[in-house]
Amino acid sequence: MSDALIFLGPPGSGKGTQAVLLAERLGIPHISTGDILREQVAAGTELGRRVQAIMSRGDLVPDELVNEIMEQRLAQPDCARGCILDGYPRTTAQAEFLAGVLEQRGLRPVVVNLTVDYNVIVARITARRQCPACGASYNLITNPPREDERCDRDGTPLVTRADDTEPVIRQRLEAYERQTLPLLDYYRRKAARFFEVSGDQGAPEEIAQRILALLRQA
Ligand code: AMP
């Protein structure tokens with residue numbers, strides 16, 4: 001039986017990076033509802049027009065819409081050998097719907113919860129800098145510019161994005177917690193295969209290896 005890996009983790013935990021790395025390693029598709037919705041908005045489809053305003057407020061798109069998108073996506077042949085779900089489910093109603101679809105498709109749910117200390121996340125995100133001229137991204141801790149807070153390409157003084165400040169990040173972390181705690185409860189109650197992985201320390205590659213080792217025992 002193939003696995004559907006359900007990735008959970010707060011913003012700034014490196015969840016997206018891990019999902020991409022593991023999809024590549026395991027040779028299975030990485031399915032991000034955020035990416036799918038953004039593509040629809042960019043393409044100006046009917047669905048895109050419906051979700052645009054909701055997404056720009058940072059609110060959740062209605063369950064029926066994302067459920068339908070995911071039901072169709074999981075029916076594609078490339079999911080038969082398994083898949084990585086990133087950003088879905090976000091609510092208990094979505095988790096219940098997903099359980100039915102996975103059963104129908106013969107996929108086994110495996111939950112990976114990437115935990116990172118919130119202070120580490122705040123430190124990581126507040127260290128982000130951007131060049132206002134060319135858009136290049138830096139991180140004062142993990143990817144610093146050669147010269148003190150100036151762009152390597154054009155020497156422009158770097159800036160911090162308005163939403164990369166501590167109060168905004170703490171607010172996003174609280175919102176994430178409110179959304180995700182019921183999901184964690186749901187998966188615990190269902191006694192699903194559930195792994196907790198610390199993403200506090202180590203390069204993305206090391207963390208990916210840790211997750212792969214756990215999945216081998218799943
Ligand atoms: P993300 O890239 O995962 O942060 O998602 C970006 C936006 O897409 C979110 O803020 C929501 O508006 C929408 N979205 C993505 N996934 C879901 C989901 N599972 N349920 C509801 N809305 C979602």
# chains A, B, ... in the order shown; residues from 1 in each chain; ligands from 1
call {"tool": "residues_around", "arguments": {"residues": "Gly100 of chain A", "least_positions_apart": "5", "cutoff": "12 Å", "atoms": "only C-alpha atoms", "output": "list of chain:residue names"}}
result
A:Asn67, A:Met70, A:Glu71, A:Leu74, A:Ala93, A:Gln94, A:Ala95, A:Arg105, A:Gly106, A:Leu107, A:Arg108, A:Pro109
call {"tool": "residues_near_ligand", "arguments": {"ligand": "ligand 1", "cutoff": "9 Å", "atoms": "only C-alpha atoms and all ligand atoms", "output": "ChimeraX atom specification"}}
result
/A:11,16,32-38,51-63,65-67,86-91,94
call {"tool": "select_by_dssp", "arguments": {"residues": "segment 128-171 of chain A", "states": "strand (DSSP E or B)", "output": "short mmCIF file (atom, residue, chain, number, x, y, z; two decimals) with N, CA and C atoms, in the first residue's frame"}}
result
data_model
loop_
_atom_site.label_atom_id
_atom_site.label_comp_id
_atom_site.auth_asym_id
_atom_site.auth_seq_id
_atom_site.Cartn_x
_atom_site.Cartn_y
_atom_site.Cartn_z
N ARG A 128 15.43 37.72 7.82
CA ARG A 128 15.28 37.81 6.36
C ARG A 128 15.48 39.24 5.90
N ARG A 129 16.15 39.40 4.76
CA ARG A 129 16.31 40.72 4.15
C ARG A 129 16.11 40.60 2.66
N GLN A 130 15.67 41.72 2.07
CA GLN A 130 15.43 41.70 0.64
C GLN A 130 16.04 42.94 0.00
N SER A 137 16.90 37.73 -2.24
CA SER A 137 16.60 37.46 -0.84
C SER A 137 17.85 37.01 -0.10
N TYR A 138 17.95 37.44 1.14
CA TYR A 138 19.07 37.06 2.01
C TYR A 138 18.52 36.67 3.36
N ASN A 139 19.38 36.01 4.16
CA ASN A 139 19.05 35.77 5.56
C ASN A 139 20.34 36.01 6.34
N ASN A 143 22.12 32.91 5.14
CA ASN A 143 22.56 33.27 3.79
C ASN A 143 22.88 34.76 3.75
N ARG A 150 24.06 44.86 2.55
CA ARG A 150 23.94 45.43 1.20
C ARG A 150 23.85 44.30 0.18
N PRO A 157 21.18 49.06 -0.12
CA PRO A 157 20.92 48.65 1.27
C PRO A 157 19.68 47.76 1.33
N VAL A 159 16.37 45.68 2.86
CA VAL A 159 15.24 46.05 3.72
C VAL A 159 14.57 44.79 4.29
#
call {"tool": "closest_residue", "arguments": {"among": "A:Arg25, A:Arg210, A:Arg146, A:Arg73", "to": "Glu196 of chain A", "atoms": "only C-alpha atoms"}}
result
A:Arg210
call {"tool": "closest_residue", "arguments": {"among": "A:Ile28, A:Ala43, A:Ala191, A:Leu183", "to": "Asn113 of chain A", "atoms": "only C-alpha atoms"}}
result
A:Leu183
call {"tool": "atom_distance", "arguments": {"atom1": "atom CA of Ala136 of chain A", "atom2": "atom CA of Cys151 of chain A"}}
result
7.5 Å
call {"tool": "atom_distance", "arguments": {"atom1": "atom CA of Leu214 of chain A", "atom2": "atom CA of Gln104 of chain A"}}
result
25.6 Å
